[in-house]
There are 2 protein chains.
Amino acid sequence: MKNKILITGTVAFDDIETPFGSSGKVIGGAGTYIALASSLFTKNLAIVSIIGEDFPEKEIKFLNSRGIDTKMIEIIKGGKTFYWKGKYHENMIGRDTLTTELNVLEKFNPIINSEFSSSEIILLGNLHPFVQNTVINQCSNPNRFIILDTMNFWMDNALNELKDVVEKVDLIIINDEEAQQLTNESNIFNAGNKILKMGPKKVIIKKGEHGSIYLDSFHKYILPAFPVDSLVDPTGAGDSYAGGIAGFLSTKQEIGFNDIKQAMIFGTLTASFCVENFGVEGLRNVDYEKLVSRLKIFKSYIT
Amino acid sequence: MKNKILITGTVAFDDIETPFGSSGKVIGGAGTYIALASSLFTKNLAIVSIIGEDFPEKEIKFLNSRGIDTKMIEIIKGGKTFYWKGKYHENMIGRDTLTTELNVLEKFNPIINSEFSSSEIILLGNLHPFVQNTVINQCSNPNRFIILDTMNFWMDNALNELKDVVEKVDLIIINDEEAQQLTNESNIFNAGNKILKMGPKKVIIKKGEHGSIYLDSFHKYILPAFPVDSLVDPTGAGDSYAGGIAGFLSTKQEIGFNDIKQAMIFGTLTASFCVENFGVEGLRNVDYEKLVSRLKIFKSYIT
């Protein structure tokens with residue numbers, strides 16, 4: 001039996017412009033990307049989130065078809081779903097937010113049902129740290145493994161609440177600029193070591209197209225990114241990476257250094273499928289078989 | 001018996017400012033860095049270059065003490081050695097040239113002696129492509145393996161001559177921005193494939209702190225950089241990388257994909273020692289034993 005994964009994060013509408021095209025209004029959100037990536041590894045997972053009545057029922061059914069339990073996605077009658085519109089720069093790395101409409105997200109108070117409060121793996125996707133903390137407090141499994149994915153927005157706007165969450169998690173996943181901002185340290189390995197002192201037992205720092213690094217008190221691991229032929233839309237790459245990690249780890253009874261390394265490889269691959277298409281389309285079209293074929297290619301590039 | 005390495009490149013004075021300190025006037029130059037890195041693997045190597053009478057004899061003796069043959073370093077009586085002064089930006093990646101005095105380099109016409117014209121490995125360090133071509137034309141070994149290291153300066157100022165050289169080499173080592181500039185292609189793997197069509201059988205693209213990638217018609221390899229605790233001075237990192245590669249390859253009778261991978265690992269390590277100190281001091285203080293200790297650490301990070 002695979003371990004249960006409880007995912008929290010936004011289920012939302014995105015509207016993405018890149019130098020090469022526009023997505024129009026499509027489904028997105030950290031929770032959606034994470035769950036789709038995790039669902040490549042297990043069918044024992046749920047999202048806790050909030051949406052408005054405008055969110056298409058067929059997309060919820062699509063998530064269900066992937067084995068994702070959506071009973072904890074609260075639907076607010078007459079409410080509107082969180083909406084984000086952004087535009088990527090020419091380099092496809094930087095991006096500007098054009099519109100953010102929190103809508104129903106403003107009222108989000110996650111309630112974890114008894115089925116998933118005992119989850120072994122808890123993935124806190126990008127959300128207000130206060131909300132992430134509310135989820136932690138409802139999770140009762142003493143052997144739970146908590147993964148935190150965060151963003152610089154919360155460092156700027158809710159640093160103390162964020163630090164409260166950071167202290168409690170087993171693994172934090174953060175990008176290089178955020179790690180530098182959080183620690184005021186430009187060398188990312190030194191930044192990672194400072195984050196370890198803030199509470200997490202394990203740290204992953206993402207470097208986008210340059211891969212990711214892992215640190216704990218005893219080990220380091222450096223992994224390149226998978227070189228995609230064509231980068232179409234980076235939205236959700238970090239979420240898909242975290243989702244791939246959680247998905248792979250849910251198949252393990254104990255989480256050792258070798259499992260983390262393998263999980264990072266799978267996270268890298270789920271993210272690579274994500275960025276090859278607009279929105280969640282990349283994840284919609286991938287299955288475990290395609291993932292394993294790409295795994296073989298990736299391993300030939302890095303060993 | 002190890003294969004002979006013939007290195008061409010500047011032997012020069014550098015004057016380096018970083019946000020953390022200044023080197024003052026120290027010895028440097030592509031030829032110097034390359035040869036010092038290569039000399040960790042073999043004592044069967046020579047530099048062809050040109051200096052003025054102002055270049056300290058004790059530094060030539062130091063090169064000799066590392067087994068580097070300096071008979072082809074021409075000393076111009078009354079001449080002044082090539083001098084470069086530069087200042088690194090806050091990020092330690094970008095840099096501005098403050099002064100360039102070509103001095104004796106303007107008259108450089110390399111003459112390869114009979115001992116080294118039969119070299120198996122020829123490393124063309126940063127120099128005018130016309131001069132690099134003159135060296136190639138004097139090398140008679142039909143099984144020679146030619147490695148080219150170049151810079152964007154020559155793309156801007158001598159593109160046709162550079163393309164003539166690129167066409168003739170076995171392995172080109174180039175950084176990511178240069179590869180993008182040379183091919184007008186932003187995806188570096190695609191850029192690498194375009195460079196393969198320009199003549200070289202093998203391409204290495206350097207990404208600084210993010211490592212390097214390798215391509216030939218059949219293989220790809222992606223290698224992270226070694227994470228140094230403290231980056232003091234990036235000057236010579238690329239030269240040390242190329243020198244480490246040439247040095248390692250000189251110990252092999254045939255050069256296959258596995259040898260290239262191993263060579264890139266050693267190049268990464270020689271570069272890591274280089275950047276930990278100002279100028280050539282990092283390479284002065286390293287020996288094969290230290291290199292092998294770091295190899296073990298690096299392998300534990302990447303496998």
# chains A, B, ... in the order shown; residues from 1 in each chain; ligands from 1
$ interface_residues --of "chain B" --to "chain A" --cutoff "6 Å" --atoms "only C-alpha atoms" --output "list in words"
His210, Lys220, Tyr221, Ile222, Tyr301 and Ile302 of chain B
$ write_last_selection --atoms "C-alpha atoms" --output "PDB file, in the first residue's frame"
ATOM      1  CA  HIS B 210      26.140  25.864 -13.196  1.00  0.00           C
ATOM      2  CA  LYS B 220      25.092  14.084 -24.293  1.00  0.00           C
ATOM      3  CA  TYR B 221      26.544  14.613 -20.836  1.00  0.00           C
ATOM      4  CA  ILE B 222      25.565  17.170 -18.189  1.00  0.00           C
ATOM      5  CA  TYR B 301      27.774  14.964  -4.718  1.00  0.00           C
ATOM      6  CA  ILE B 302      26.852  13.903  -8.232  1.00  0.00           C
TER       7      ILE B 302
END
$ select_by_dssp --residues "region 213-297 of chain B" --states "helix (DSSP H, G or I)" --output "compact mmCIF listing (two decimals) with N, CA and C atoms, in the first residue's frame"
# COMPACT_ATOMS: atom_id res chain seq x y z
N ALA B 237 39.30 30.54 -14.72
CA ALA B 237 38.51 29.33 -14.47
C ALA B 237 38.34 28.51 -15.75
N GLY B 238 37.97 29.18 -16.84
CA GLY B 238 37.77 28.49 -18.11
C GLY B 238 39.06 27.87 -18.63
N ASP B 239 40.17 28.60 -18.47
CA ASP B 239 41.47 28.08 -18.91
C ASP B 239 41.86 26.86 -18.08
N SER B 240 41.64 26.93 -16.78
CA SER B 240 41.99 25.81 -15.90
C SER B 240 41.14 24.59 -16.23
N TYR B 241 39.88 24.86 -16.59
CA TYR B 241 38.97 23.77 -16.98
C TYR B 241 39.51 23.09 -18.23
N ALA B 242 39.86 23.88 -19.23
CA ALA B 242 40.40 23.32 -20.48
C ALA B 242 41.73 22.61 -20.21
N GLY B 243 42.54 23.19 -19.35
CA GLY B 243 43.83 22.58 -19.03
C GLY B 243 43.67 21.25 -18.33
N GLY B 244 42.72 21.17 -17.43
CA GLY B 244 42.44 19.90 -16.74
C GLY B 244 41.98 18.84 -17.73
N ILE B 245 41.16 19.26 -18.68
CA ILE B 245 40.67 18.31 -19.70
C ILE B 245 41.83 17.79 -20.54
N ALA B 246 42.66 18.71 -21.03
CA ALA B 246 43.80 18.29 -21.86
C ALA B 246 44.74 17.40 -21.06
N GLY B 247 44.97 17.79 -19.80
CA GLY B 247 45.88 17.00 -18.96
C GLY B 247 45.37 15.58 -18.78
N PHE B 248 44.11 15.45 -18.45
CA PHE B 248 43.57 14.10 -18.25
C PHE B 248 43.60 13.31 -19.56
N LEU B 249 43.19 13.95 -20.66
CA LEU B 249 43.15 13.22 -21.94
C LEU B 249 44.55 12.78 -22.39
N PHE B 257 33.94 8.45 -25.23
CA PHE B 257 32.95 9.23 -24.47
C PHE B 257 33.24 9.19 -22.97
N ASN B 258 33.59 8.00 -22.46
CA ASN B 258 33.86 7.90 -21.03
C ASN B 258 35.08 8.71 -20.61
N ASP B 259 36.07 8.79 -21.51
CA ASP B 259 37.26 9.59 -21.20
C ASP B 259 36.91 11.07 -21.16
N ILE B 260 36.04 11.48 -22.08
CA ILE B 260 35.61 12.89 -22.09
C ILE B 260 34.88 13.22 -20.79
N LYS B 261 34.00 12.32 -20.34
CA LYS B 261 33.25 12.57 -19.11
C LYS B 261 34.21 12.72 -17.93
N GLN B 262 35.17 11.79 -17.86
CA GLN B 262 36.15 11.83 -16.77
C GLN B 262 36.99 13.11 -16.87
N ALA B 263 37.33 13.48 -18.09
CA ALA B 263 38.13 14.70 -18.30
C ALA B 263 37.35 15.94 -17.86
N MET B 264 36.06 15.97 -18.13
CA MET B 264 35.25 17.12 -17.71
C MET B 264 35.19 17.21 -16.18
N ILE B 265 35.12 16.06 -15.54
CA ILE B 265 35.12 16.06 -14.07
C ILE B 265 36.44 16.65 -13.57
N PHE B 266 37.55 16.21 -14.16
CA PHE B 266 38.84 16.75 -13.72
C PHE B 266 38.98 18.24 -14.08
N GLY B 267 38.48 18.63 -15.23
CA GLY B 267 38.51 20.05 -15.61
C GLY B 267 37.72 20.89 -14.61
N THR B 268 36.59 20.37 -14.21
CA THR B 268 35.75 21.05 -13.21
C THR B 268 36.52 21.23 -11.91
N LEU B 269 37.26 20.20 -11.53
CA LEU B 269 38.01 20.26 -10.27
C LEU B 269 39.20 21.22 -10.36
N THR B 270 39.95 21.18 -11.47
CA THR B 270 41.08 22.12 -11.58
C THR B 270 40.55 23.55 -11.56
N ALA B 271 39.42 23.78 -12.23
CA ALA B 271 38.82 25.13 -12.21
C ALA B 271 38.40 25.50 -10.79
N SER B 272 37.90 24.53 -10.03
CA SER B 272 37.43 24.85 -8.66
C SER B 272 38.59 25.29 -7.78
N PHE B 273 39.75 24.66 -7.95
CA PHE B 273 40.92 25.10 -7.18
C PHE B 273 41.36 26.50 -7.63
N CYS B 274 41.27 26.73 -8.93
CA CYS B 274 41.69 28.02 -9.48
C CYS B 274 40.93 29.19 -8.86
N GLU B 281 47.30 31.56 -7.88
CA GLU B 281 47.66 31.03 -6.55
C GLU B 281 46.93 29.73 -6.23
N GLY B 282 45.65 29.65 -6.65
CA GLY B 282 44.88 28.43 -6.40
C GLY B 282 45.54 27.23 -7.06
N LEU B 283 46.05 27.41 -8.28
CA LEU B 283 46.69 26.30 -9.00
C LEU B 283 48.10 26.04 -8.47
N ARG B 284 48.75 27.09 -7.95
CA ARG B 284 50.09 26.92 -7.39
C ARG B 284 50.05 25.98 -6.19
N TYR B 288 48.34 16.69 -7.28
CA TYR B 288 47.47 15.61 -7.74
C TYR B 288 46.72 14.95 -6.59
N GLU B 289 47.38 14.89 -5.44
CA GLU B 289 46.76 14.26 -4.27
C GLU B 289 45.51 15.04 -3.82
N LYS B 290 45.64 16.38 -3.77
CA LYS B 290 44.49 17.22 -3.39
C LYS B 290 43.37 17.09 -4.42
N LEU B 291 43.78 16.97 -5.67
CA LEU B 291 42.81 16.83 -6.75
C LEU B 291 42.00 15.54 -6.56
N VAL B 292 42.69 14.48 -6.22
CA VAL B 292 42.02 13.19 -6.07
C VAL B 292 41.13 13.16 -4.83
N SER B 293 41.54 13.86 -3.75
CA SER B 293 40.64 13.94 -2.58
C SER B 293 39.36 14.66 -2.96
N ARG B 294 39.50 15.75 -3.71
CA ARG B 294 38.30 16.50 -4.10
C ARG B 294 37.46 15.71 -5.09
N LEU B 295 38.10 14.90 -5.91
CA LEU B 295 37.36 14.04 -6.84
C LEU B 295 36.39 13.14 -6.08
N LYS B 296 36.87 12.58 -4.96
CA LYS B 296 36.01 11.69 -4.18
C LYS B 296 34.80 12.46 -3.64
N ILE B 297 35.06 13.65 -3.13
CA ILE B 297 33.97 14.48 -2.61
C ILE B 297 32.98 14.80 -3.73
$ residues_around --residues "Glu57 (chain A)" --least-positions-apart "5" --cutoff "12 Å" --atoms "only C-alpha atoms" --output "ChimeraX atom specification"
/A:27,51-52,62-64,70,73,75
$ residues_around --residues "region 42-49 of chain B" --least-positions-apart "3" --cutoff "8 Å" --atoms "only C-alpha atoms" --output "JSON, numbers by chain"
{"B": [2, 3, 4, 5, 6, 7, 8, 9, 10, 11, 31, 32, 35, 38, 39, 66, 67, 68, 69, 70, 71, 72, 73, 74, 108, 110, 111, 112, 116, 247, 250, 251]}
$ residues_around --residues "region 81-87 of chain A" --least-positions-apart "4" --cutoff "12 Å" --atoms "only C-alpha atoms" --output "ChimeraX atom specification"
/A:9-30,49-56,73-77,91-108,127,233-235,279
$ write_last_selection --atoms "C-alpha atoms" --output "PDB file, in the first residue's frame"
ATOM      1  CA  GLY A   9      -2.288  24.642  -2.654  1.00  0.00           C
ATOM      2  CA  THR A  10      -4.349  26.756  -4.978  1.00  0.00           C
ATOM      3  CA  VAL A  11      -6.710  25.323  -7.563  1.00  0.00           C
ATOM      4  CA  ALA A  12      -7.080  28.250  -9.863  1.00  0.00           C
ATOM      5  CA  PHE A  13      -7.351  29.908 -13.228  1.00  0.00           C
ATOM      6  CA  ASP A  14      -4.184  31.120 -14.913  1.00  0.00           C
ATOM      7  CA  ASP A  15      -3.760  33.316 -17.937  1.00  0.00           C
ATOM      8  CA  ILE A  16      -0.228  33.115 -19.247  1.00  0.00           C
ATOM      9  CA  GLU A  17       1.612  35.143 -21.841  1.00  0.00           C
ATOM     10  CA  THR A  18       5.052  34.181 -23.061  1.00  0.00           C
ATOM     11  CA  PRO A  19       7.134  35.648 -25.917  1.00  0.00           C
ATOM     12  CA  PHE A  20       5.897  32.689 -27.979  1.00  0.00           C
ATOM     13  CA  GLY A  21       2.165  32.683 -27.285  1.00  0.00           C
ATOM     14  CA  SER A  22      -0.722  32.958 -24.835  1.00  0.00           C
ATOM     15  CA  SER A  23      -2.600  30.268 -22.954  1.00  0.00           C
ATOM     16  CA  GLY A  24      -5.864  32.121 -22.550  1.00  0.00           C
ATOM     17  CA  LYS A  25      -7.755  31.364 -19.300  1.00  0.00           C
ATOM     18  CA  VAL A  26      -6.745  27.842 -18.292  1.00  0.00           C
ATOM     19  CA  ILE A  27      -6.801  25.802 -15.105  1.00  0.00           C
ATOM     20  CA  GLY A  28      -3.722  26.026 -12.935  1.00  0.00           C
ATOM     21  CA  GLY A  29      -2.696  26.626  -9.359  1.00  0.00           C
ATOM     22  CA  ALA A  30      -0.014  25.024  -7.192  1.00  0.00           C
ATOM     23  CA  SER A  49      -8.247  23.763  -1.563  1.00  0.00           C
ATOM     24  CA  ILE A  50     -11.041  26.185  -2.419  1.00  0.00           C
ATOM     25  CA  ILE A  51     -12.668  27.175  -5.710  1.00  0.00           C
ATOM     26  CA  GLY A  52     -15.666  29.132  -6.956  1.00  0.00           C
ATOM     27  CA  GLU A  53     -18.687  27.862  -8.811  1.00  0.00           C
ATOM     28  CA  ASP A  54     -17.023  29.038 -12.040  1.00  0.00           C
ATOM     29  CA  PHE A  55     -14.424  26.234 -11.907  1.00  0.00           C
ATOM     30  CA  PRO A  56     -15.325  23.674 -14.591  1.00  0.00           C
ATOM     31  CA  ILE A  73     -11.814  21.113  -2.509  1.00  0.00           C
ATOM     32  CA  GLU A  74     -14.496  23.402  -1.141  1.00  0.00           C
ATOM     33  CA  ILE A  75     -16.771  24.962  -3.753  1.00  0.00           C
ATOM     34  CA  ILE A  76     -18.108  28.375  -2.755  1.00  0.00           C
ATOM     35  CA  LYS A  77     -21.569  28.990  -4.194  1.00  0.00           C
ATOM     36  CA  ASN A  91      14.384  35.034 -21.220  1.00  0.00           C
ATOM     37  CA  MET A  92      11.386  32.920 -20.026  1.00  0.00           C
ATOM     38  CA  ILE A  93      12.667  33.152 -16.445  1.00  0.00           C
ATOM     39  CA  GLY A  94      11.526  36.488 -15.073  1.00  0.00           C
ATOM     40  CA  ARG A  95       7.820  37.232 -15.149  1.00  0.00           C
ATOM     41  CA  ASP A  96       5.465  40.052 -14.264  1.00  0.00           C
ATOM     42  CA  THR A  97       2.128  39.560 -12.568  1.00  0.00           C
ATOM     43  CA  LEU A  98      -0.481  41.464 -14.560  1.00  0.00           C
ATOM     44  CA  THR A  99      -3.541  40.571 -12.452  1.00  0.00           C
ATOM     45  CA  THR A 100      -4.140  38.725  -9.179  1.00  0.00           C
ATOM     46  CA  GLU A 101      -7.716  38.179  -8.037  1.00  0.00           C
ATOM     47  CA  LEU A 102      -7.750  36.244  -4.770  1.00  0.00           C
ATOM     48  CA  ASN A 103     -11.537  35.807  -4.862  1.00  0.00           C
ATOM     49  CA  VAL A 104     -12.587  32.751  -2.789  1.00  0.00           C
ATOM     50  CA  LEU A 105      -8.988  32.225  -1.623  1.00  0.00           C
ATOM     51  CA  GLU A 106      -9.459  35.099   0.824  1.00  0.00           C
ATOM     52  CA  LYS A 107     -11.833  32.916   2.837  1.00  0.00           C
ATOM     53  CA  PHE A 108      -9.820  29.699   2.675  1.00  0.00           C
ATOM     54  CA  LEU A 127      -0.239  29.509   0.033  1.00  0.00           C
ATOM     55  CA  ASP A 233       5.662  27.735 -20.396  1.00  0.00           C
ATOM     56  CA  PRO A 234       7.565  27.574 -17.082  1.00  0.00           C
ATOM     57  CA  THR A 235       4.367  28.028 -15.031  1.00  0.00           C
ATOM     58  CA  GLY A 279      -0.542  25.315 -18.287  1.00  0.00           C
TER      59      GLY A 279
END
$ residues_around --residues "His128 (chain A)" --least-positions-apart "2" --cutoff "12 Å" --atoms "only C-alpha atoms" --output "PDB file with N, CA and C atoms, in the first residue's frame"
ATOM      1  N   THR A   8      -1.877  20.596  -0.144  1.00  0.00           N
ATOM      2  CA  THR A   8      -2.637  21.839  -0.123  1.00  0.00           C
ATOM      3  C   THR A   8      -1.968  22.840  -1.056  1.00  0.00           C
ATOM      4  N   GLY A   9      -2.795  23.663  -1.685  1.00  0.00           N
ATOM      5  CA  GLY A   9      -2.288  24.642  -2.654  1.00  0.00           C
ATOM      6  C   GLY A   9      -3.477  25.163  -3.433  1.00  0.00           C
ATOM      7  N   THR A  10      -3.240  26.164  -4.231  1.00  0.00           N
ATOM      8  CA  THR A  10      -4.349  26.756  -4.978  1.00  0.00           C
ATOM      9  C   THR A  10      -4.821  25.841  -6.106  1.00  0.00           C
ATOM     10  N   LEU A 102      -7.706  37.311  -5.778  1.00  0.00           N
ATOM     11  CA  LEU A 102      -7.750  36.244  -4.770  1.00  0.00           C
ATOM     12  C   LEU A 102      -9.107  35.548  -4.747  1.00  0.00           C
ATOM     13  N   LEU A 105     -10.178  32.597  -2.399  1.00  0.00           N
ATOM     14  CA  LEU A 105      -8.988  32.225  -1.623  1.00  0.00           C
ATOM     15  C   LEU A 105      -8.892  33.047  -0.333  1.00  0.00           C
ATOM     16  N   GLU A 106      -9.483  34.239  -0.368  1.00  0.00           N
ATOM     17  CA  GLU A 106      -9.459  35.099   0.824  1.00  0.00           C
ATOM     18  C   GLU A 106     -10.121  34.440   2.023  1.00  0.00           C
ATOM     19  N   LYS A 107     -11.070  33.535   1.733  1.00  0.00           N
ATOM     20  CA  LYS A 107     -11.833  32.916   2.837  1.00  0.00           C
ATOM     21  C   LYS A 107     -11.368  31.492   3.137  1.00  0.00           C
ATOM     22  N   PHE A 108     -10.223  31.103   2.591  1.00  0.00           N
ATOM     23  CA  PHE A 108      -9.820  29.699   2.675  1.00  0.00           C
ATOM     24  C   PHE A 108      -9.449  29.302   4.107  1.00  0.00           C
ATOM     25  N   ASN A 109     -10.183  28.343   4.630  1.00  0.00           N
ATOM     26  CA  ASN A 109      -9.897  27.800   5.958  1.00  0.00           C
ATOM     27  C   ASN A 109      -9.933  26.278   5.827  1.00  0.00           C
ATOM     28  N   PRO A 110      -8.786  25.677   5.523  1.00  0.00           N
ATOM     29  CA  PRO A 110      -8.771  24.256   5.171  1.00  0.00           C
ATOM     30  C   PRO A 110      -9.212  23.341   6.319  1.00  0.00           C
ATOM     31  N   LEU A 124       2.824  21.043   1.462  1.00  0.00           N
ATOM     32  CA  LEU A 124       2.261  22.383   1.608  1.00  0.00           C
ATOM     33  C   LEU A 124       2.696  23.217   0.408  1.00  0.00           C
ATOM     34  N   GLY A 125       1.820  23.336  -0.575  1.00  0.00           N
ATOM     35  CA  GLY A 125       2.136  24.133  -1.760  1.00  0.00           C
ATOM     36  C   GLY A 125       1.969  25.605  -1.468  1.00  0.00           C
ATOM     37  N   ASN A 126       2.356  26.420  -2.422  1.00  0.00           N
ATOM     38  CA  ASN A 126       2.339  27.870  -2.263  1.00  0.00           C
ATOM     39  C   ASN A 126       0.972  28.406  -1.800  1.00  0.00           C
ATOM     40  N   PHE A 130       0.093  31.020   7.095  1.00  0.00           N
ATOM     41  CA  PHE A 130      -0.917  30.809   8.133  1.00  0.00           C
ATOM     42  C   PHE A 130      -1.816  29.622   7.760  1.00  0.00           C
ATOM     43  N   VAL A 131      -2.202  29.564   6.499  1.00  0.00           N
ATOM     44  CA  VAL A 131      -3.047  28.464   6.014  1.00  0.00           C
ATOM     45  C   VAL A 131      -2.261  27.152   6.046  1.00  0.00           C
ATOM     46  N   GLN A 132      -0.992  27.214   5.640  1.00  0.00           N
ATOM     47  CA  GLN A 132      -0.149  26.003   5.672  1.00  0.00           C
ATOM     48  C   GLN A 132      -0.089  25.462   7.106  1.00  0.00           C
ATOM     49  N   ASN A 133       0.062  26.381   8.068  1.00  0.00           N
ATOM     50  CA  ASN A 133       0.141  25.994   9.475  1.00  0.00           C
ATOM     51  C   ASN A 133      -1.155  25.329   9.955  1.00  0.00           C
ATOM     52  N   THR A 134      -2.279  25.857   9.499  1.00  0.00           N
ATOM     53  CA  THR A 134      -3.581  25.278   9.850  1.00  0.00           C
ATOM     54  C   THR A 134      -3.665  23.824   9.385  1.00  0.00           C
ATOM     55  N   VAL A 135      -3.105  23.558   8.226  1.00  0.00           N
ATOM     56  CA  VAL A 135      -3.102  22.181   7.715  1.00  0.00           C
ATOM     57  C   VAL A 135      -2.222  21.297   8.594  1.00  0.00           C
ATOM     58  N   LEU A 148       7.524  21.440   2.374  1.00  0.00           N
ATOM     59  CA  LEU A 148       7.059  22.820   2.190  1.00  0.00           C
ATOM     60  C   LEU A 148       7.622  23.394   0.893  1.00  0.00           C
ATOM     61  N   ASP A 149       6.732  23.941   0.096  1.00  0.00           N
ATOM     62  CA  ASP A 149       7.161  24.697  -1.077  1.00  0.00           C
ATOM     63  C   ASP A 149       6.672  26.120  -0.838  1.00  0.00           C
ATOM     64  N   THR A 150       7.534  27.099  -0.978  1.00  0.00           N
ATOM     65  CA  THR A 150       7.092  28.466  -0.694  1.00  0.00           C
ATOM     66  C   THR A 150       7.560  29.429  -1.774  1.00  0.00           C
ATOM     67  N   MET A 151       7.278  30.687  -1.600  1.00  0.00           N
ATOM     68  CA  MET A 151       7.652  31.697  -2.592  1.00  0.00           C
ATOM     69  C   MET A 151       8.090  32.978  -1.900  1.00  0.00           C
ATOM     70  N   ASN A 152       8.874  33.765  -2.616  1.00  0.00           N
ATOM     71  CA  ASN A 152       9.395  35.006  -2.047  1.00  0.00           C
ATOM     72  C   ASN A 152       8.282  35.963  -1.608  1.00  0.00           C
ATOM     73  N   PHE A 153       7.093  35.836  -2.228  1.00  0.00           N
ATOM     74  CA  PHE A 153       5.976  36.706  -1.841  1.00  0.00           C
ATOM     75  C   PHE A 153       5.728  36.632  -0.338  1.00  0.00           C
ATOM     76  N   TRP A 154       5.818  35.427   0.235  1.00  0.00           N
ATOM     77  CA  TRP A 154       5.545  35.257   1.670  1.00  0.00           C
ATOM     78  C   TRP A 154       6.703  35.738   2.519  1.00  0.00           C
ATOM     79  N   MET A 155       7.911  35.733   1.974  1.00  0.00           N
ATOM     80  CA  MET A 155       9.051  36.317   2.716  1.00  0.00           C
ATOM     81  C   MET A 155       8.873  37.823   2.837  1.00  0.00           C
ATOM     82  N   ASP A 156       8.313  38.407   1.791  1.00  0.00           N
ATOM     83  CA  ASP A 156       8.099  39.853   1.806  1.00  0.00           C
ATOM     84  C   ASP A 156       6.908  40.235   2.679  1.00  0.00           C
ATOM     85  N   ASN A 157       5.905  39.337   2.747  1.00  0.00           N
ATOM     86  CA  ASN A 157       4.638  39.746   3.335  1.00  0.00           C
ATOM     87  C   ASN A 157       4.219  39.007   4.608  1.00  0.00           C
ATOM     88  N   ALA A 158       4.864  37.892   4.917  1.00  0.00           N
ATOM     89  CA  ALA A 158       4.444  37.132   6.102  1.00  0.00           C
ATOM     90  C   ALA A 158       5.634  36.337   6.637  1.00  0.00           C
ATOM     91  N   LEU A 159       6.746  37.049   6.822  1.00  0.00           N
ATOM     92  CA  LEU A 159       7.998  36.361   7.146  1.00  0.00           C
ATOM     93  C   LEU A 159       7.918  35.587   8.470  1.00  0.00           C
ATOM     94  N   ASN A 160       7.339  36.175   9.472  1.00  0.00           N
ATOM     95  CA  ASN A 160       7.291  35.482  10.771  1.00  0.00           C
ATOM     96  C   ASN A 160       6.437  34.215  10.712  1.00  0.00           C
ATOM     97  N   GLU A 161       5.272  34.319  10.074  1.00  0.00           N
ATOM     98  CA  GLU A 161       4.418  33.138   9.920  1.00  0.00           C
ATOM     99  C   GLU A 161       5.145  32.070   9.090  1.00  0.00           C
ATOM    100  N   LEU A 162       5.872  32.533   8.063  1.00  0.00           N
ATOM    101  CA  LEU A 162       6.613  31.586   7.227  1.00  0.00           C
ATOM    102  C   LEU A 162       7.669  30.849   8.061  1.00  0.00           C
ATOM    103  N   LYS A 163       8.383  31.597   8.895  1.00  0.00           N
ATOM    104  CA  LYS A 163       9.425  30.963   9.731  1.00  0.00           C
ATOM    105  C   LYS A 163       8.826  29.925  10.681  1.00  0.00           C
ATOM    106  N   ASP A 164       7.629  30.207  11.171  1.00  0.00           N
ATOM    107  CA  ASP A 164       6.924  29.224  12.017  1.00  0.00           C
ATOM    108  C   ASP A 164       6.704  27.909  11.279  1.00  0.00           C
ATOM    109  N   VAL A 165       6.343  28.016  10.009  1.00  0.00           N
ATOM    110  CA  VAL A 165       6.104  26.808   9.219  1.00  0.00           C
ATOM    111  C   VAL A 165       7.434  26.113   8.904  1.00  0.00           C
TER     112      VAL A 165
END
$ atom_distance --atom1 "CA of Ile174 (chain A)" --atom2 "CA of Gln138 (chain A)"
23.8 Å
$ decode --residues "region 102-117 of chain B" --atoms "C-alpha atoms" --output "compact mmCIF listing (two decimals), in the first residue's frame"
# COMPACT_ATOMS: atom_id res chain seq x y z
CA LEU B 102 48.87 44.00 -25.98
CA ASN B 103 52.58 44.94 -25.94
CA VAL B 104 54.71 42.05 -27.28
CA LEU B 105 51.58 40.06 -28.14
CA GLU B 106 51.12 42.25 -31.21
CA LYS B 107 54.22 40.62 -32.76
CA PHE B 108 53.44 37.04 -31.76
CA ASN B 109 54.30 34.59 -34.52
CA PRO B 110 54.46 31.16 -32.88
CA ILE B 111 57.16 28.75 -34.04
CA ILE B 112 56.69 25.14 -32.94
CA ASN B 113 59.91 23.18 -32.44
CA SER B 114 60.38 19.67 -33.76
CA GLU B 115 59.94 18.13 -30.31
CA PHE B 116 56.38 19.45 -29.95
CA SER B 117 55.20 19.69 -33.56
